[in-house]
>>> print(open('entry.txt').read())   # compact mmCIF, C-alpha atoms
# COMPACT_ATOMS: atom_id res chain seq x y z
CA MET G 1 0.00 0.00 0.00
CA PHE G 2 2.74 2.47 0.95
CA GLY G 3 4.67 1.50 -2.14
CA GLN G 4 1.72 2.51 -4.31
CA ILE G 5 1.45 5.99 -2.78
CA ALA G 6 5.18 6.64 -2.24
CA ALA G 7 5.61 9.21 -5.02
CA ARG G 8 2.82 11.46 -3.67
CA TYR G 9 3.11 10.60 0.02
CA ASP G 10 4.86 13.82 1.13
CA LEU G 11 2.44 16.09 -0.71
CA ALA G 12 -0.55 14.23 0.74
CA ASN G 13 0.85 14.59 4.27
CA HIS G 14 1.31 18.34 3.89
CA ILE G 15 -2.20 18.84 2.49
CA LEU G 16 -4.05 16.51 4.84
CA SER G 17 -2.40 17.96 7.96
CA GLY G 18 -2.84 21.55 6.81
CA GLY G 19 0.94 21.93 7.09
CA ALA G 20 0.96 20.95 10.77
CA ASP G 21 3.32 18.05 9.99
CA PHE G 22 6.19 20.56 9.70
CA SER G 23 5.52 21.83 13.23
CA TRP G 24 5.20 18.30 14.63
CA ARG G 25 8.58 17.33 13.19
CA LEU G 26 10.19 20.42 14.72
CA ASP G 27 8.80 19.45 18.14
CA LEU G 28 10.29 15.99 17.68
CA VAL G 29 13.69 17.34 16.61
CA ARG G 30 13.84 19.70 19.60
CA ALA G 31 13.15 16.83 21.98
CA VAL G 32 15.87 14.68 20.39
CA ARG G 33 18.36 17.57 20.44
CA ASP G 34 17.77 18.04 24.18
CA ALA G 35 18.68 14.36 24.71
CA ALA G 36 22.08 14.92 23.01
CA PRO G 37 22.45 11.45 21.43
CA GLY G 38 25.55 10.30 19.59
CA ASN G 39 23.49 8.45 16.99
CA VAL G 40 19.82 8.27 16.02
CA LEU G 41 17.78 5.60 14.25
CA ASP G 42 14.69 6.97 12.50
CA LEU G 43 12.52 3.88 12.25
CA ALA G 44 9.72 3.64 9.67
CA THR G 45 11.50 6.55 8.01
CA GLY G 46 9.39 6.31 4.85
CA SER G 47 10.42 9.07 2.46
CA GLY G 48 12.86 10.39 5.05
CA ASP G 49 11.25 13.66 6.17
CA VAL G 50 12.09 13.09 9.84
CA ALA G 51 15.65 12.00 9.04
CA PHE G 52 16.15 15.16 6.98
CA ALA G 53 14.72 17.31 9.77
CA LEU G 54 17.01 15.61 12.30
CA ARG G 55 20.02 16.32 10.07
CA GLN G 56 19.06 19.99 9.95
CA GLY G 57 18.48 20.25 13.70
CA LEU G 58 21.26 18.12 15.21
CA PRO G 59 25.05 18.57 15.27
CA ARG G 60 26.91 17.12 12.29
CA THR G 61 28.69 14.75 14.67
CA VAL G 62 25.43 12.86 15.28
CA LYS G 63 25.07 9.83 12.99
CA ILE G 64 21.53 9.51 11.60
CA THR G 65 20.15 6.35 10.01
CA GLY G 66 16.73 6.03 8.41
CA MET G 67 15.24 2.53 8.25
CA ASP G 68 12.10 1.17 6.60
CA PHE G 69 10.87 -2.09 5.08
CA CYS G 70 9.05 -0.43 2.16
CA GLN G 71 11.61 -0.17 -0.63
CA PRO G 72 9.65 2.32 -2.80
CA MET G 73 9.49 4.71 0.16
CA LEU G 74 13.23 4.34 0.73
CA ALA G 75 13.75 5.07 -2.96
CA GLN G 76 11.95 8.39 -2.49
CA ALA G 77 14.22 9.17 0.48
CA GLU G 78 17.31 8.42 -1.61
CA LEU G 79 16.09 10.67 -4.44
CA LYS G 80 15.59 13.56 -2.02
CA LYS G 81 19.00 12.92 -0.49
CA LYS G 82 20.72 13.10 -3.89
CA ARG G 83 19.21 16.51 -4.61
CA HIS G 84 20.83 18.13 -1.55
CA PRO G 85 24.54 17.60 -0.73
CA PHE G 86 23.83 18.75 2.84
CA TYR G 87 22.21 15.34 3.47
CA ALA G 88 25.02 13.26 1.97
CA ASP G 89 25.95 11.67 5.31
CA LEU G 90 22.44 10.33 5.96
CA ASP G 91 22.26 6.54 5.78
CA PHE G 92 19.03 4.91 4.57
CA ARG G 93 18.71 1.18 5.15
CA PHE G 94 16.16 -1.57 4.61
CA GLY G 95 14.94 -3.12 7.86
CA ASP G 96 11.87 -4.57 9.55
CA GLY G 97 10.75 -2.94 12.80
CA LEU G 98 9.66 -6.33 14.15
CA ALA G 99 13.17 -7.79 13.72
CA LEU G 100 15.67 -4.94 13.63
CA PRO G 101 18.93 -5.88 11.86
CA LEU G 102 20.94 -4.23 14.64
CA PRO G 103 22.90 -5.50 17.66
CA ASP G 104 21.76 -4.96 21.23
CA SER G 105 22.46 -1.54 22.77
CA SER G 106 23.59 0.05 19.51
CA CYS G 107 21.33 3.15 19.30
CA ASP G 108 21.38 6.18 21.58
CA ALA G 109 17.99 7.37 20.34
CA ILE G 110 15.18 6.03 18.18
CA THR G 111 12.53 8.15 16.53
CA ILE G 112 9.40 6.78 14.93
CA ALA G 113 6.90 9.20 13.44
CA PHE G 114 3.47 7.98 12.37
CA GLY G 115 4.79 4.46 11.89
CA LEU G 116 4.03 2.67 15.14
CA ARG G 117 0.33 2.27 14.36
CA ASN G 118 1.25 0.44 11.14
CA MET G 119 3.32 -2.21 12.91
CA ALA G 120 1.66 -5.62 12.78
CA ASP G 121 2.65 -6.22 16.42
CA ARG G 122 3.19 -3.05 18.48
CA HIS G 123 4.51 -4.85 21.54
CA ARG G 124 7.08 -6.76 19.52
CA ALA G 125 8.15 -3.56 17.75
CA LEU G 126 8.51 -1.69 21.04
CA THR G 127 10.53 -4.49 22.64
CA GLU G 128 12.82 -4.53 19.59
CA MET G 129 13.37 -0.80 20.01
CA HIS G 130 14.13 -1.32 23.69
CA ARG G 131 16.61 -4.07 22.82
CA VAL G 132 18.73 -1.95 20.48
CA LEU G 133 18.77 1.19 22.64
CA THR G 134 21.88 1.86 24.71
CA LYS G 135 21.62 1.43 28.45
CA PRO G 136 20.94 3.43 30.56
CA GLN G 137 20.79 6.62 28.49
CA GLY G 138 18.81 5.39 25.48
CA ARG G 139 15.70 7.33 24.51
CA LEU G 140 12.68 6.48 22.37
CA PHE G 141 10.63 9.24 20.73
CA VAL G 142 7.24 8.25 19.34
CA LEU G 143 5.40 10.91 17.33
CA GLU G 144 2.03 9.45 16.52
CA PHE G 145 -1.63 10.20 16.08
CA SER G 146 -3.62 10.02 19.31
CA GLN G 147 -7.15 10.67 20.52
CA PRO G 148 -8.08 14.38 20.59
CA TYR G 149 -9.61 16.40 23.38
CA PRO G 150 -13.29 15.38 23.80
CA TRP G 151 -14.69 18.67 22.52
CA PHE G 152 -12.76 18.31 19.26
CA ARG G 153 -13.58 14.66 18.56
CA PRO G 154 -16.80 15.12 16.52
CA VAL G 155 -15.05 17.46 14.09
CA TYR G 156 -11.93 15.30 13.92
CA TYR G 157 -13.71 11.99 13.34
CA ALA G 158 -15.94 13.58 10.69
CA TYR G 159 -12.81 14.78 8.91
CA LEU G 160 -11.19 11.33 9.06
CA LYS G 161 -14.25 9.60 7.69
CA LEU G 162 -15.77 12.08 5.25
CA LEU G 163 -13.00 14.38 3.99
CA LEU G 164 -9.62 12.68 4.34
CA PRO G 165 -10.21 9.72 1.95
CA PRO G 166 -11.57 11.73 -1.02
CA ILE G 167 -8.94 14.48 -0.67
CA ALA G 168 -6.15 11.91 -0.41
CA GLY G 169 -7.63 10.01 -3.32
CA MET G 170 -7.38 13.09 -5.51
CA VAL G 171 -3.78 13.73 -4.45
CA THR G 172 -2.42 10.18 -4.59
CA GLY G 173 -4.88 8.34 -6.80
CA ASP G 174 -5.45 5.76 -4.05
CA ARG G 175 -8.49 6.57 -1.91
CA GLN G 176 -8.61 3.04 -0.47
CA ALA G 177 -5.17 3.40 1.14
CA TYR G 178 -6.32 6.46 3.02
CA GLU G 179 -9.54 4.83 4.11
CA TYR G 180 -7.27 2.34 5.87
CA LEU G 181 -5.05 5.09 7.26
CA GLY G 182 -8.02 7.10 8.51
CA GLY G 183 -9.36 4.02 10.26
CA SER G 184 -5.98 3.24 11.80
CA ILE G 185 -5.81 6.78 13.20
CA GLY G 186 -9.28 6.58 14.71
CA ASP G 187 -8.56 3.20 16.30
CA PHE G 188 -5.14 4.10 17.74
CA PRO G 189 -4.76 4.22 21.57
CA ASP G 190 -4.92 7.45 23.54
CA ARG G 191 -1.86 8.85 25.33
CA LEU G 192 -2.39 6.95 28.59
CA THR G 193 -2.93 3.60 26.86
CA LEU G 194 0.12 3.99 24.63
CA THR G 195 2.19 5.05 27.63
CA THR G 196 1.19 1.80 29.33
CA GLU G 197 2.13 -0.22 26.23
CA ILE G 198 5.56 1.41 26.11
CA LEU G 199 6.18 0.68 29.79
CA LYS G 200 5.17 -2.97 29.27
CA ALA G 201 7.87 -3.22 26.59
CA GLY G 202 10.51 -2.60 29.26
CA PHE G 203 10.94 1.16 29.33
CA SER G 204 11.36 2.76 32.74
CA THR G 205 9.63 6.12 32.28
CA VAL G 206 7.41 7.72 29.65
CA THR G 207 6.18 11.28 29.19
CA ALA G 208 3.44 12.17 26.70
CA THR G 209 2.87 15.64 25.27
CA PRO G 210 -0.35 16.34 23.32
CA LEU G 211 -0.09 18.46 20.16
CA THR G 212 -2.76 20.20 18.05
CA PHE G 213 -5.81 19.62 20.26
CA GLY G 214 -4.48 16.17 21.14
CA ILE G 215 -4.78 14.66 17.65
CA VAL G 216 -1.04 13.95 17.83
CA ALA G 217 1.16 13.11 20.81
CA LEU G 218 4.90 13.00 21.35
CA HIS G 219 5.92 10.20 23.72
CA GLU G 220 9.45 10.22 25.12
CA ALA G 221 10.61 7.05 26.88
CA ARG G 222 13.78 6.11 28.75
CA VAL G 223 15.15 2.57 28.84
>>> encode(input="entry.txt", output="structure tokens")
Amino acid sequence: MFGQIAARYDLANHILSGGADFSWRLDLVRAVRDAAPGNVLDLATGSGDVAFALRQGLPRTVKITGMDFCQPMLAQAELKKKRHPFYADLDFRFGDGLALPLPDSSCDAITIAFGLRNMADRHRALTEMHRVLTKPQGRLFVLEFSQPYPWFRPVYYAYLKLLLPPIAGMVTGDRQAYEYLGGSIGDFPDRLTLTTEILKAGFSTVTATPLTFGIVALHEARV
């Protein structure tokens, strides 16, 4: 599904979020910068937007790797990388979030933006992230859709069901893919539930920050 929409994925994100995706990425980058990691794995990197934002916002000494198991999305990331020499040191790799091709304790920080809800097994994905994070300073940053403040829910759910699929269909040519994505957003856990899931995967502490009326949340976890 993601392979089919890869070429128009970035444009669809910008339109469907009303440009808020730029602000959400900046919030994520600021949180990662405050953690001062030596290396960062951007998991489910897709077309690489988060990896590129991390490169812009972190010191050049920080090694950044983007990883995804959808090759057409990685191809888009590589095309964008080739257009800008500034990103030449970014490393994009094929890898499955349920079986990361990395040794234990090899990552100082992991970011995953709007990819956790697409994992076939969230608990397994989270435990894999915990496994490869360095101890005891490793940090996980999950930027993901959440459940909005109650007063905003009627408007939000109406948008997901009635407006998002046809708009995305016009942009990408694949309305069905965004019917799935809209459903996955509506069904995703709220901040408290996801915090509990992260803790069950072995993390010691989790903080959750709601963004844009709560439709998105940034979870930061320590190993």
>>> residues_around(input="entry.txt", residues="Lys80 (chain G)", least_positions_apart="4", cutoff="12 Å", atoms="all atoms listed in the file", output="list in words")
Ala7, Asp10, Gly46, Ser47, Gly48, Asp49, Ala51, Phe52, Met73, Leu74, Ala75, Gln76, His84, Pro85, Phe86, Tyr87, Ala88, Leu90 and Phe92 of chain G
>>> residues_around(input="entry.txt", residues="region 96-104 of chain G", least_positions_apart="2", cutoff="9 Å", atoms="only C-alpha atoms", output="PyMOL selection string")
chain G and resi 43-44+67-70+94+106-107+119-122+124-134
>>> closest_residue(input="entry.txt", among="G:Leu163, G:Ile185, G:Val223, G:Ile215", to="Asn118 (chain G)", atoms="only C-alpha atoms")
G:Ile185
>>> atom_distance(input="entry.txt", atom1="CA of Glu197 (chain G)", atom2="CA of Gly95 (chain G)")
22.6 Å
>>> atom_distance(input="entry.txt", atom1="CA of Glu220 (chain G)", atom2="CA of Pro150 (chain G)")
23.4 Å
>>> residues_around(input="entry.txt", residues="Gly57 (chain G)", least_positions_apart="6", cutoff="10 Å", atoms="all atoms listed in the file", output="JSON, numbers by chain")
{"G": [26, 29, 30, 32, 33, 51]}
>>> write_last_selection(input="entry.txt", atoms="C-alpha atoms", output="PDB file, in the frame of the given file")
ATOM      1  CA  LEU G  26      10.190  20.420  14.720  1.00  0.00           C
ATOM      2  CA  VAL G  29      13.690  17.340  16.610  1.00  0.00           C
ATOM      3  CA  ARG G  30      13.840  19.700  19.600  1.00  0.00           C
ATOM      4  CA  VAL G  32      15.870  14.680  20.390  1.00  0.00           C
ATOM      5  CA  ARG G  33      18.360  17.570  20.440  1.00  0.00           C
ATOM      6  CA  ALA G  51      15.650  12.000   9.040  1.00  0.00           C
TER       7      ALA G  51
END
>>> residues_near_point(input="entry.txt", point="(2.2, -10.3, 25.9)", cutoff="10 Å", atoms="all atoms listed in the file", output="number ranges by chain")
G: 123-124, 200-201
>>> closest_residue(input="entry.txt", among="G:Leu140, G:Arg191, G:Gly38, G:Ala217", to="Thr205 (chain G)", atoms="only C-alpha atoms")
G:Leu140
>>> axis_aligned_box(input="entry.txt", around="region 202-216 of chain G", padding_each_side="3 Å", output="AutoDock Vina command-line options")
--center_x 2.8 --center_y 8.8 --center_z 25.2 --size_x 23.2 --size_y 28.8 --size_z 21.1
>>> closest_residue(input="entry.txt", among="G:Leu58, G:Val40, G:Val142, G:Leu160", to="Ser184 (chain G)", atoms="all atoms listed in the file")
G:Leu160
>>> closest_residue(input="entry.txt", among="G:Phe145, G:Pro136, G:Ala35, G:Thr196", to="Ala109 (chain G)", atoms="all atoms listed in the file")
G:Ala35
>>> residues_around(input="entry.txt", residues="Leu218 (chain G)", least_positions_apart="5", cutoff="6 Å", atoms="all atoms listed in the file", output="list in words")
Val142, Leu143, Ala208 and Thr209 of chain G
>>> atom_distance(input="entry.txt", atom1="CA of Lys81 (chain G)", atom2="CA of Thr212 (chain G)")
29.5 Å
>>> closest_residue(input="entry.txt", among="G:Thr65, G:Ser23, G:Thr207, G:Gln137", to="Thr111 (chain G)", atoms="all atoms listed in the file")
G:Thr65
>>> residues_around(input="entry.txt", residues="region 155-157 of chain G", least_positions_apart="5", cutoff="9 Å", atoms="only C-alpha atoms", output="number ranges by chain")
G: 148, 162, 182, 186, 215
